[in-house]
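Below is the file my_file_0.cif, which contains mmCIF, C-alpha atoms.
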data_upload
#
loop_
_atom_site.group_PDB
_atom_site.id
_atom_site.type_symbol
_atom_site.label_atom_id
_atom_site.label_comp_id
_atom_site.auth_asym_id
_atom_site.auth_seq_id
_atom_site.Cartn_x
_atom_site.Cartn_y
_atom_site.Cartn_z
ATOM 1 C CA MET A 26 10.370 10.183 -19.892
ATOM 2 C CA ASN A 27 11.028 13.025 -22.346
ATOM 3 C CA GLY A 28 13.464 10.768 -24.216
ATOM 4 C CA LYS A 29 15.889 10.548 -21.281
ATOM 5 C CA VAL A 30 16.858 7.923 -18.717
ATOM 6 C CA SER A 31 19.414 7.422 -15.958
ATOM 7 C CA PRO A 32 20.057 4.429 -13.673
ATOM 8 C CA GLU A 33 19.539 6.718 -10.681
ATOM 9 C CA ASP A 34 16.025 7.567 -11.894
ATOM 10 C CA LEU A 35 15.122 3.909 -12.270
ATOM 11 C CA PHE A 36 16.287 3.059 -8.756
ATOM 12 C CA GLN A 37 14.168 5.947 -7.457
ATOM 13 C CA LEU A 38 11.258 4.638 -9.508
ATOM 14 C CA VAL A 39 11.346 1.071 -8.181
ATOM 15 C CA GLY A 40 12.129 2.235 -4.628
ATOM 16 C CA GLY A 41 13.639 0.339 -1.746
ATOM 17 C CA ASN A 42 10.505 -1.528 -0.647
ATOM 18 C CA ARG A 43 10.250 -4.722 -2.730
ATOM 19 C CA ASN A 44 7.512 -6.332 -0.643
ATOM 20 C CA PHE A 45 5.149 -6.927 -3.583
ATOM 21 C CA ASP A 46 4.314 -9.739 -5.988
ATOM 22 C CA LEU A 47 4.002 -7.805 -9.226
ATOM 23 C CA PHE A 48 5.740 -4.611 -10.251
ATOM 24 C CA VAL A 49 4.150 -2.944 -13.283
ATOM 25 C CA VAL A 50 5.861 -0.066 -15.094
ATOM 26 C CA GLY A 51 4.209 2.073 -17.784
ATOM 27 C CA LEU A 52 6.422 4.522 -19.664
ATOM 28 C CA GLN A 53 5.778 7.203 -22.274
ATOM 29 C CA GLU A 54 8.244 9.067 -24.530
ATOM 30 C CA VAL A 55 10.825 6.348 -23.922
ATOM 31 C CA PRO A 56 14.350 6.925 -25.292
ATOM 32 C CA ARG A 57 16.062 4.491 -27.628
ATOM 33 C CA ALA A 58 17.308 2.287 -24.842
ATOM 34 C CA ASP A 59 16.659 -1.271 -23.666
ATOM 35 C CA MET A 60 14.310 -0.352 -20.830
ATOM 36 C CA ALA A 61 13.558 -3.981 -19.973
ATOM 37 C CA GLN A 62 17.246 -4.590 -19.324
ATOM 38 C CA LEU A 63 17.689 -1.369 -17.352
ATOM 39 C CA LEU A 64 14.654 -2.066 -15.184
ATOM 40 C CA GLN A 65 15.755 -5.666 -14.688
ATOM 41 C CA GLU A 66 19.102 -4.419 -13.385
ATOM 42 C CA ALA A 67 17.264 -2.224 -10.875
ATOM 43 C CA LEU A 68 15.095 -5.157 -9.735
ATOM 44 C CA ILE A 69 17.652 -7.943 -10.091
ATOM 45 C CA ASP A 70 17.653 -8.961 -6.420
ATOM 46 C CA THR A 71 13.909 -9.571 -6.153
ATOM 47 C CA HIS A 72 12.036 -9.729 -9.463
ATOM 48 C CA ARG A 73 12.225 -11.066 -13.018
ATOM 49 C CA LEU A 74 10.634 -9.802 -16.225
ATOM 50 C CA ALA A 75 7.347 -11.625 -16.838
ATOM 51 C CA GLY A 76 6.131 -9.733 -19.917
ATOM 52 C CA GLU A 77 6.439 -6.594 -22.020
ATOM 53 C CA ALA A 78 4.327 -4.641 -24.507
ATOM 54 C CA ILE A 79 6.107 -2.084 -26.707
ATOM 55 C CA MET A 80 4.806 0.336 -29.343
ATOM 56 C CA GLN A 81 7.646 2.743 -30.099
ATOM 57 C CA SER A 82 7.905 5.198 -27.181
ATOM 58 C CA LEU A 83 4.939 3.676 -25.337
ATOM 59 C CA GLN A 84 6.085 0.720 -23.218
ATOM 60 C CA LEU A 85 4.681 -1.526 -20.489
ATOM 61 C CA PHE A 86 6.564 -4.049 -18.348
ATOM 62 C CA ILE A 87 5.442 -6.558 -15.729
ATOM 63 C CA PHE A 88 7.962 -7.986 -13.276
ATOM 64 C CA GLY A 89 7.112 -10.921 -11.024
ATOM 65 C CA PRO A 90 8.896 -12.727 -8.201
ATOM 66 C CA LYS A 91 11.891 -14.883 -9.098
ATOM 67 C CA ASN A 92 9.678 -17.982 -9.302
ATOM 68 C CA TRP A 93 6.950 -16.114 -11.260
ATOM 69 C CA LYS A 94 6.549 -18.902 -13.841
ATOM 70 C CA SER A 95 5.043 -21.200 -11.219
ATOM 71 C CA TYR A 96 2.284 -18.629 -10.554
ATOM 72 C CA THR A 97 1.743 -17.086 -13.991
ATOM 73 C CA LYS A 98 0.020 -18.135 -17.185
ATOM 74 C CA ASP A 99 -1.932 -16.721 -20.134
ATOM 75 C CA VAL A 100 0.188 -13.592 -20.691
ATOM 76 C CA ARG A 101 -1.246 -11.690 -23.688
ATOM 77 C CA VAL A 102 -0.221 -8.409 -25.329
ATOM 78 C CA ASP A 103 -2.336 -5.890 -27.292
ATOM 79 C CA LYS A 104 -1.501 -2.551 -28.914
ATOM 80 C CA LEU A 105 -3.568 0.256 -30.432
ATOM 81 C CA ALA A 106 -2.282 3.483 -31.984
ATOM 82 C CA VAL A 107 -4.576 6.509 -32.021
ATOM 83 C CA GLY A 108 -2.158 9.051 -33.485
ATOM 84 C CA GLY A 109 1.037 10.823 -32.538
ATOM 85 C CA LEU A 110 4.344 11.732 -34.107
ATOM 86 C CA GLY A 111 7.547 9.839 -34.830
ATOM 87 C CA GLY A 112 10.943 11.458 -34.528
ATOM 88 C CA PHE A 113 13.708 10.918 -32.025
ATOM 89 C CA ILE A 114 11.413 10.524 -29.024
ATOM 90 C CA GLY A 115 8.566 8.996 -31.031
ATOM 91 C CA ARG A 116 5.658 10.547 -29.127
ATOM 92 C CA LYS A 117 3.244 7.749 -29.971
ATOM 93 C CA LYS A 118 -0.341 8.203 -28.834
ATOM 94 C CA GLY A 119 -2.461 5.178 -28.028
ATOM 95 C CA ALA A 120 -2.164 2.254 -25.650
ATOM 96 C CA VAL A 121 -0.288 -0.952 -24.984
ATOM 97 C CA ALA A 122 -1.941 -3.558 -22.792
ATOM 98 C CA MET A 123 -1.015 -6.801 -21.123
ATOM 99 C CA SER A 124 -3.301 -9.358 -19.517
ATOM 100 C CA ILE A 125 -1.955 -11.903 -17.079
ATOM 101 C CA ASN A 126 -3.274 -14.697 -14.880
ATOM 102 C CA PHE A 127 -1.283 -14.493 -11.649
ATOM 103 C CA LYS A 128 -2.217 -16.885 -8.847
ATOM 104 C CA GLU A 129 -5.606 -17.380 -10.572
ATOM 105 C CA VAL A 130 -6.332 -13.630 -10.525
ATOM 106 C CA HIS A 131 -7.006 -12.379 -14.065
ATOM 107 C CA MET A 132 -5.553 -8.899 -14.497
ATOM 108 C CA LEU A 133 -5.405 -6.367 -17.329
ATOM 109 C CA PHE A 134 -2.906 -3.501 -17.327
ATOM 110 C CA ILE A 135 -3.261 -0.658 -19.840
ATOM 111 C CA ASN A 136 -0.561 1.958 -20.375
ATOM 112 C CA CYS A 137 -1.737 4.882 -22.492
ATOM 113 C CA HIS A 138 -0.622 8.241 -23.827
ATOM 114 C CA LEU A 139 -3.530 10.446 -24.887
ATOM 115 C CA SER A 140 -3.626 13.712 -26.830
ATOM 116 C CA ALA A 141 -2.171 16.838 -25.265
ATOM 117 C CA HIS A 142 -3.446 20.418 -24.733
ATOM 118 C CA ALA A 143 -6.250 21.625 -22.477
ATOM 119 C CA ARG A 144 -8.677 22.198 -25.359
ATOM 120 C CA ASN A 145 -8.627 18.551 -26.520
ATOM 121 C CA VAL A 146 -10.904 17.070 -23.844
ATOM 122 C CA GLU A 147 -13.289 15.484 -26.355
ATOM 123 C CA GLU A 148 -10.382 14.017 -28.308
ATOM 124 C CA ARG A 149 -9.027 12.388 -25.158
ATOM 125 C CA ASN A 150 -12.492 11.058 -24.336
ATOM 126 C CA SER A 151 -12.752 9.607 -27.851
ATOM 127 C CA GLN A 152 -9.330 7.973 -27.596
ATOM 128 C CA PHE A 153 -10.285 6.419 -24.267
ATOM 129 C CA GLN A 154 -13.449 5.026 -25.847
ATOM 130 C CA GLN A 155 -11.524 3.678 -28.863
ATOM 131 C CA ILE A 156 -9.029 1.890 -26.630
ATOM 132 C CA SER A 157 -11.743 0.519 -24.327
ATOM 133 C CA HIS A 158 -13.816 -0.754 -27.253
ATOM 134 C CA TYR A 159 -10.809 -2.406 -28.858
ATOM 135 C CA LEU A 160 -9.787 -4.172 -25.655
ATOM 136 C CA ASP A 161 -13.384 -5.228 -24.916
ATOM 137 C CA LYS A 162 -13.506 -6.936 -28.312
ATOM 138 C CA LYS A 163 -10.230 -8.678 -27.532
ATOM 139 C CA ARG A 164 -11.514 -9.781 -24.145
ATOM 140 C CA ASN A 165 -14.634 -11.263 -25.722
ATOM 141 C CA ALA A 166 -12.463 -13.113 -28.200
ATOM 142 C CA TYR A 167 -10.405 -14.580 -25.373
ATOM 143 C CA ALA A 168 -13.599 -15.354 -23.391
ATOM 144 C CA ARG A 169 -11.692 -14.546 -20.232
ATOM 145 C CA PRO A 170 -13.127 -11.835 -17.931
ATOM 146 C CA TYR A 171 -10.721 -9.879 -15.746
ATOM 147 C CA HIS A 172 -10.947 -9.541 -12.001
ATOM 148 C CA ILE A 173 -9.126 -6.192 -12.078
ATOM 149 C CA THR A 174 -8.248 -3.675 -14.790
ATOM 150 C CA VAL A 175 -5.609 -0.994 -14.187
ATOM 151 C CA TRP A 176 -5.177 2.086 -16.427
ATOM 152 C CA LEU A 177 -1.993 4.088 -16.070
ATOM 153 C CA GLY A 178 -0.079 6.636 -18.069
ATOM 154 C CA ASP A 179 -0.047 10.174 -19.383
ATOM 155 C CA LEU A 180 -3.778 10.699 -19.784
ATOM 156 C CA ASN A 181 -3.095 14.396 -20.449
ATOM 157 C CA TYR A 182 -6.283 15.753 -18.812
ATOM 158 C CA ARG A 183 -5.676 19.281 -17.560
ATOM 159 C CA ILE A 184 -6.981 21.771 -14.985
ATOM 160 C CA GLN A 185 -9.819 23.800 -16.473
ATOM 161 C CA GLY A 186 -10.838 27.431 -16.018
ATOM 162 C CA ILE A 187 -8.074 28.876 -13.857
ATOM 163 C CA LYS A 188 -5.111 31.069 -14.715
ATOM 164 C CA THR A 189 -1.645 29.662 -14.197
ATOM 165 C CA GLN A 190 -0.586 32.089 -11.441
ATOM 166 C CA ALA A 191 -3.745 31.451 -9.419
ATOM 167 C CA ALA A 192 -3.148 27.692 -9.677
ATOM 168 C CA ARG A 193 0.489 28.052 -8.674
ATOM 169 C CA ASN A 194 -0.415 30.216 -5.691
ATOM 170 C CA LEU A 195 -2.692 27.448 -4.388
ATOM 171 C CA ILE A 196 0.030 24.843 -4.921
ATOM 172 C CA GLN A 197 2.605 27.008 -3.158
ATOM 173 C CA ARG A 198 0.280 27.269 -0.146
ATOM 174 C CA ASP A 199 -0.255 23.464 -0.177
ATOM 175 C CA GLN A 200 -3.889 24.023 -1.148
ATOM 176 C CA HIS A 201 -3.662 22.107 -4.437
ATOM 177 C CA ARG A 202 -6.599 19.891 -3.443
ATOM 178 C CA LEU A 203 -8.801 22.913 -4.153
ATOM 179 C CA LEU A 204 -7.881 22.446 -7.821
ATOM 180 C CA THR A 205 -9.391 18.966 -8.081
ATOM 181 C CA SER A 206 -12.856 20.380 -8.793
ATOM 182 C CA ARG A 207 -11.363 21.817 -11.992
ATOM 183 C CA ASP A 208 -9.620 18.597 -13.035
ATOM 184 C CA GLN A 209 -10.877 17.578 -16.484
ATOM 185 C CA LEU A 210 -10.577 13.851 -15.834
ATOM 186 C CA LEU A 211 -12.678 13.997 -12.675
ATOM 187 C CA GLN A 212 -15.194 16.247 -14.435
ATOM 188 C CA GLN A 213 -15.521 13.899 -17.415
ATOM 189 C CA ALA A 214 -15.768 10.828 -15.180
ATOM 190 C CA GLN A 215 -18.561 12.461 -13.148
ATOM 191 C CA ARG A 216 -20.437 13.090 -16.394
ATOM 192 C CA GLY A 217 -20.067 9.439 -17.379
ATOM 193 C CA GLN A 218 -17.864 10.164 -20.388
ATOM 194 C CA VAL A 219 -14.810 8.161 -19.272
ATOM 195 C CA PHE A 220 -13.710 5.621 -16.658
ATOM 196 C CA SER A 221 -17.149 4.488 -15.551
ATOM 197 C CA GLY A 222 -16.797 2.177 -12.549
ATOM 198 C CA TYR A 223 -13.114 2.993 -11.972
ATOM 199 C CA CYS A 224 -11.544 4.038 -8.674
ATOM 200 C CA GLU A 225 -8.683 6.453 -8.084
ATOM 201 C CA GLY A 226 -6.849 7.557 -4.993
ATOM 202 C CA ILE A 227 -7.066 11.103 -3.660
ATOM 203 C CA LEU A 228 -4.936 13.610 -5.563
ATOM 204 C CA ALA A 229 -3.002 14.555 -2.440
ATOM 205 C CA PHE A 230 0.241 15.072 -4.369
ATOM 206 C CA LYS A 231 1.041 18.207 -6.354
ATOM 207 C CA PRO A 232 0.241 18.364 -10.082
ATOM 208 C CA THR A 233 2.854 16.389 -11.987
ATOM 209 C CA TYR A 234 3.089 18.555 -15.129
ATOM 210 C CA LYS A 235 4.726 20.733 -16.418
ATOM 211 C CA HIS A 236 8.126 21.185 -14.719
ATOM 212 C CA ASN A 237 11.353 22.740 -15.851
ATOM 213 C CA ILE A 238 13.706 19.891 -16.677
ATOM 214 C CA GLY A 239 16.279 19.478 -13.930
ATOM 215 C CA SER A 240 14.099 20.884 -11.151
ATOM 216 C CA SER A 241 10.722 20.749 -9.429
ATOM 217 C CA ASP A 242 9.867 24.288 -10.542
ATOM 218 C CA TYR A 243 6.816 24.659 -12.751
ATOM 219 C CA ASP A 244 7.170 25.789 -16.359
ATOM 220 C CA THR A 245 8.896 29.162 -16.761
ATOM 221 C CA SER A 246 8.978 29.100 -20.564
ATOM 222 C CA TYR A 247 7.025 31.684 -22.536
ATOM 223 C CA LYS A 248 4.021 29.298 -22.445
ATOM 224 C CA VAL A 249 3.917 29.223 -18.598
ATOM 225 C CA ARG A 250 1.540 26.263 -18.686
ATOM 226 C CA VAL A 251 -1.047 25.707 -15.993
ATOM 227 C CA PRO A 252 0.112 22.805 -13.754
ATOM 228 C CA ALA A 253 -1.990 19.644 -14.123
ATOM 229 C CA TRP A 254 -2.381 16.054 -12.931
ATOM 230 C CA THR A 255 -1.706 14.563 -16.369
ATOM 231 C CA ASP A 256 -0.203 11.340 -14.984
ATOM 232 C CA ARG A 257 -2.714 9.006 -13.369
ATOM 233 C CA ILE A 258 -3.447 5.458 -12.206
ATOM 234 C CA LEU A 259 -7.034 4.164 -12.007
ATOM 235 C CA TYR A 260 -8.395 0.688 -11.365
ATOM 236 C CA LYS A 261 -11.644 -1.220 -11.694
ATOM 237 C CA ILE A 262 -12.741 -4.365 -9.891
ATOM 238 C CA GLU A 263 -14.999 -6.427 -12.148
ATOM 239 C CA LYS A 264 -15.635 -9.364 -9.810
ATOM 240 C CA LEU A 265 -16.642 -7.723 -6.556
ATOM 241 C CA ASP A 266 -17.731 -11.034 -5.071
ATOM 242 C CA LYS A 267 -14.329 -12.599 -5.771
ATOM 243 C CA ILE A 268 -11.743 -9.923 -5.132
ATOM 244 C CA ASP A 269 -11.152 -6.980 -2.826
ATOM 245 C CA ALA A 270 -8.670 -4.186 -3.613
ATOM 246 C CA THR A 271 -7.089 -1.798 -1.115
ATOM 247 C CA LEU A 272 -5.109 1.213 -2.292
ATOM 248 C CA HIS A 273 -2.261 1.561 0.190
ATOM 249 C CA SER A 274 -0.631 4.592 -1.432
ATOM 250 C CA TYR A 275 -0.945 6.931 -4.406
ATOM 251 C CA GLU A 276 1.828 9.470 -4.816
ATOM 252 C CA SER A 277 4.262 11.201 -7.124
ATOM 253 C CA ILE A 278 8.049 10.824 -7.141
ATOM 254 C CA ASP A 279 9.328 14.385 -6.940
ATOM 255 C CA CYS A 280 13.042 13.530 -6.828
ATOM 256 C CA ILE A 281 13.210 12.571 -10.541
ATOM 257 C CA TYR A 282 14.249 15.575 -12.646
ATOM 258 C CA THR A 283 15.062 14.326 -16.158
ATOM 259 C CA SER A 284 11.531 14.838 -17.486
ATOM 260 C CA ASP A 285 9.005 17.673 -17.466
ATOM 261 C CA HIS A 286 6.634 15.199 -15.756
ATOM 262 C CA LYS A 287 6.899 13.664 -12.298
ATOM 263 C CA PRO A 288 6.199 9.909 -12.208
ATOM 264 C CA VAL A 289 3.232 8.581 -10.255
ATOM 265 C CA LYS A 290 3.045 5.272 -8.397
ATOM 266 C CA ALA A 291 0.304 3.332 -6.663
ATOM 267 C CA HIS A 292 0.460 0.360 -4.300
ATOM 268 C CA ILE A 293 -2.629 -1.828 -4.703
ATOM 269 C CA CYS A 294 -3.181 -4.836 -2.453
ATOM 270 C CA LEU A 295 -5.514 -7.556 -3.753
ATOM 271 C CA LYS A 296 -7.307 -10.163 -1.682
ATOM 272 C CA PHE A 297 -8.809 -12.981 -3.707
ATOM 273 C CA ASP A 298 -11.515 -15.186 -2.213
ATOM 274 C CA LYS A 299 -11.330 -18.604 -3.803
ATOM 275 C CA PRO A 300 -14.532 -20.665 -3.884
ATOM 276 C CA THR A 301 -14.851 -23.356 -1.234
#

Exercise: express the given structure as structure tokens:
Amino acid sequence: MNGKVSPEDLFQLVGGNRNFDLFVVGLQEVPRADMAQLLQEALIDTHRLAGEAIMQSLQLFIFGPKNWKSYTKDVRVDKLAVGGLGGFIGRKKGAVAMSINFKEVHMLFINCHLSAHARNVEERNSQFQQISHYLDKKRNAYARPYHITVWLGDLNYRIQGIKTQAARNLIQRDQHRLLTSRDQLLQQAQRGQVFSGYCEGILAFKPTYKHNIGSSDYDTSYKVRVPAWTDRILYKIEKLDKIDATLHSYESIDCIYTSDHKPVKAHICLKFDKPT
């Protein structure tokens, strides 16, 4: 969020289509504002806050239908810091997680902010492993396996081995899919370093970082950073015989201008087969 928020942004974020059971929001670099209250105001007609996990600027919220208490139980929160700075924005690195049993579907949502800069691939991999190991230990302690796990946030993986102008030329010609072979996250996942067993939608939207604040133009500062898909949503089904997941959409929200990132949203539909 780059330490900024406006009601208009939040209404763009939640959108006009409220035809869903759960609405999960993961935020990074959150300003000193009551985000739960602001999001609740945006969702007041349809949803109520069911849980929150907050570690400074790293925040995760789950909103359920108005009668969510009749469907929901076993809400648990976990947090793990893996570095980062304080200050006004409080750029905390690490993860906040929330597990929830909704309509007998056990879900885990993880919102993370990993280390920046293209050169820090191994550091990001290590942070992912730290977070995964920590949450696995917690899961074993709860003795409650999850049907689905969703990772979201600023994972900070970059586009490797291409100069910024060449990347921007491809984006300008709507050929940004040609950049996916250079995406560090996809490369590391293919090598088995991170996100084993996870699914992600096609990166059909333009890279979400780094933009000039107040526009959709890519970075024109002296650093002229290479655009990248830093902001991602991935999911893993752990009970394939019990649950089926369909990704209906995976896209960025280009009309939000207060940050140097563009938010990303996914619509996942779950079908749960109960035993007869």

### Message
List the spatial neighbours of region 230-243 of chain A as a ChimeraX atom specification - criterion: any atom at most 7 Å away, all atoms listed in the file, same-chain residues fewer than 3 positions off excluded.
### Response
/A:196,201,250,252-256,276-277,279,282-287

### Query
the PyMOL selection byres ((chain A and resi 164) around 12) on the file shown: which residues, as a list in words?
Arg101, Val102, Asp103, Ala122, Met123, Ser124, His131, Met132, Leu133, Ser157, His158, Tyr159, Leu160, Asp161, Lys162, Lys163, Asn165, Ala166, Tyr167, Ala168, Arg169, Pro170, Tyr171 and Thr174 of chain A

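When you apply the PyMOL selection byres ((chain A and resi 129) around 10) to this structure, what comes back is Tyr96, Thr97, Lys98, Ile125, Asn126, Phe127, Lys128, Val130, His131, Met132, His172, Phe297 and Lys299 of chain A.
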
Expected selection from the PyMOL selection byres ((chain A and resi 155) around 12), given as a PDB file with C-alpha atoms, in the coordinates of the input:
ATOM      1  CA  LYS A 104      -1.501  -2.551 -28.914  1.00  0.00           C
ATOM      2  CA  LEU A 105      -3.568   0.256 -30.432  1.00  0.00           C
ATOM      3  CA  ALA A 106      -2.282   3.483 -31.984  1.00  0.00           C
ATOM      4  CA  VAL A 107      -4.576   6.509 -32.021  1.00  0.00           C
ATOM      5  CA  GLY A 108      -2.158   9.051 -33.485  1.00  0.00           C
ATOM      6  CA  GLY A 119      -2.461   5.178 -28.028  1.00  0.00           C
ATOM      7  CA  ALA A 120      -2.164   2.254 -25.650  1.00  0.00           C
ATOM      8  CA  CYS A 137      -1.737   4.882 -22.492  1.00  0.00           C
ATOM      9  CA  LEU A 139      -3.530  10.446 -24.887  1.00  0.00           C
ATOM     10  CA  GLU A 148     -10.382  14.017 -28.308  1.00  0.00           C
ATOM     11  CA  ARG A 149      -9.027  12.388 -25.158  1.00  0.00           C
ATOM     12  CA  ASN A 150     -12.492  11.058 -24.336  1.00  0.00           C
ATOM     13  CA  SER A 151     -12.752   9.607 -27.851  1.00  0.00           C
ATOM     14  CA  GLN A 152      -9.330   7.973 -27.596  1.00  0.00           C
ATOM     15  CA  PHE A 153     -10.285   6.419 -24.267  1.00  0.00           C
ATOM     16  CA  GLN A 154     -13.449   5.026 -25.847  1.00  0.00           C
ATOM     17  CA  ILE A 156      -9.029   1.890 -26.630  1.00  0.00           C
ATOM     18  CA  SER A 157     -11.743   0.519 -24.327  1.00  0.00           C
ATOM     19  CA  HIS A 158     -13.816  -0.754 -27.253  1.00  0.00           C
ATOM     20  CA  TYR A 159     -10.809  -2.406 -28.858  1.00  0.00           C
ATOM     21  CA  LEU A 160      -9.787  -4.172 -25.655  1.00  0.00           C
ATOM     22  CA  ASP A 161     -13.384  -5.228 -24.916  1.00  0.00           C
ATOM     23  CA  LYS A 162     -13.506  -6.936 -28.312  1.00  0.00           C
ATOM     24  CA  VAL A 219     -14.810   8.161 -19.272  1.00  0.00           C
TER      25      VAL A 219
END

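Between CA of Ile187 (chain A) and CA of Gln213 (chain A) there is a distance of 17.1 Å.
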
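Of the listed residues A:Leu85, A:Leu295, A:Ile184, A:Leu64, the one whose atoms come nearest to Arg144 (chain A) is A:Ile184, with distances taken using only C-alpha atoms.
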
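Reported to one decimal place, the separation of CA of Asp269 (chain A) from CA of Thr71 (chain A) is 25.4 Å.
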
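Interatomic distance, CA of Lys261 (chain A) to CA of Ser206 (chain A): 21.8 Å.
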
Centre and edge lengths, as lines of an AutoDock Vina configuration file, for the axis-aligned box enclosing every listed atom of region 123-127 of chain A with 4 Å of padding on each of the six sides, in Å to one decimal?
center_x = -2.2
center_y = -10.7
center_z = -16.4
size_x = 10.3
size_y = 15.9
size_z = 17.5

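The nearest approach to Gln65 (chain A) among the residues A:Cys224, A:Leu180, A:Ala78, A:Ile87, with all atoms listed in the file taken into account, belongs to A:Ile87.
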
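When only C-alpha atoms are used to measure the gap to Gln185 (chain A), the shortest distance among A:Lys248, A:Arg207, A:Lys94, A:Lys29 belongs to A:Arg207.
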
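In terms of minimum interatomic distance to Glu225 (chain A), A:Tyr275 ranks closest within A:Trp93, A:Phe134, A:Tyr275, A:Phe48, counting only C-alpha atoms.
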
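Restricting the calculation to all atoms listed in the file, the smallest distance between Gln62 (chain A) and any of A:Asn42, A:Pro32, A:Asp298, A:Asn145 is found for A:Pro32.
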
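Closest to His72 (chain A) among A:Leu38, A:Leu47, A:Leu52, A:Leu210 is A:Leu47, based on all atoms listed in the file.
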
Using the atoms already present, construct all heavy atoms for region 59-65 of chain A and hand them back as a tab-separated table (two decimals), in the coordinates of the input.
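After the write, selection_8.tsv holds the following:
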chain	number	residue	atom	x	y	z
A	59	ASP	N	17.27	0.00	-24.06
A	59	ASP	CA	16.66	-1.27	-23.67
A	59	ASP	C	16.12	-1.12	-22.26
A	59	ASP	O	16.78	-1.44	-21.27
A	59	ASP	CB	17.69	-2.40	-23.74
A	59	ASP	CG	17.07	-3.77	-23.54
A	59	ASP	OD1	15.92	-3.84	-23.05
A	59	ASP	OD2	17.73	-4.78	-23.84
A	60	MET	N	14.88	-0.63	-22.14
A	60	MET	CA	14.31	-0.35	-20.83
A	60	MET	C	14.09	-1.62	-20.03
A	60	MET	O	14.20	-1.61	-18.80
A	60	MET	CB	13.01	0.42	-20.98
A	60	MET	CG	13.17	1.83	-21.54
A	60	MET	SD	14.37	2.82	-20.62
A	60	MET	CE	13.69	2.73	-18.99
A	61	ALA	N	13.75	-2.72	-20.70
A	61	ALA	CA	13.56	-3.98	-19.97
A	61	ALA	C	14.84	-4.37	-19.25
A	61	ALA	O	14.81	-4.77	-18.07
A	61	ALA	CB	13.13	-5.08	-20.94
A	62	GLN	N	15.96	-4.24	-19.93
A	62	GLN	CA	17.25	-4.59	-19.32
A	62	GLN	C	17.59	-3.64	-18.18
A	62	GLN	O	18.05	-4.07	-17.11
A	62	GLN	CB	18.34	-4.56	-20.39
A	62	GLN	CG	19.74	-4.86	-19.87
A	62	GLN	CD	19.88	-6.26	-19.28
A	62	GLN	OE1	19.22	-7.19	-19.75
A	62	GLN	NE2	20.70	-6.41	-18.27
A	63	LEU	N	17.37	-2.35	-18.39
A	63	LEU	CA	17.69	-1.37	-17.35
A	63	LEU	C	16.81	-1.55	-16.11
A	63	LEU	O	17.31	-1.46	-14.98
A	63	LEU	CB	17.53	0.04	-17.91
A	63	LEU	CG	18.53	0.45	-19.00
A	63	LEU	CD1	18.15	1.80	-19.59
A	63	LEU	CD2	19.94	0.48	-18.46
A	64	LEU	N	15.53	-1.81	-16.32
A	64	LEU	CA	14.65	-2.07	-15.18
A	64	LEU	C	15.01	-3.38	-14.49
A	64	LEU	O	14.95	-3.48	-13.26
A	64	LEU	CB	13.20	-2.09	-15.65
A	64	LEU	CG	12.59	-0.73	-15.99
A	64	LEU	CD1	11.30	-0.90	-16.78
A	64	LEU	CD2	12.33	0.09	-14.72
A	65	GLN	N	15.37	-4.38	-15.29
A	65	GLN	CA	15.76	-5.67	-14.69
A	65	GLN	C	16.98	-5.50	-13.79
A	65	GLN	O	17.06	-6.10	-12.71
A	65	GLN	CB	16.04	-6.69	-15.77
A	65	GLN	CG	16.38	-8.08	-15.24
A	65	GLN	CD	15.26	-8.71	-14.44
A	65	GLN	OE1	14.38	-9.34	-14.98
A	65	GLN	NE2	15.28	-8.52	-13.12
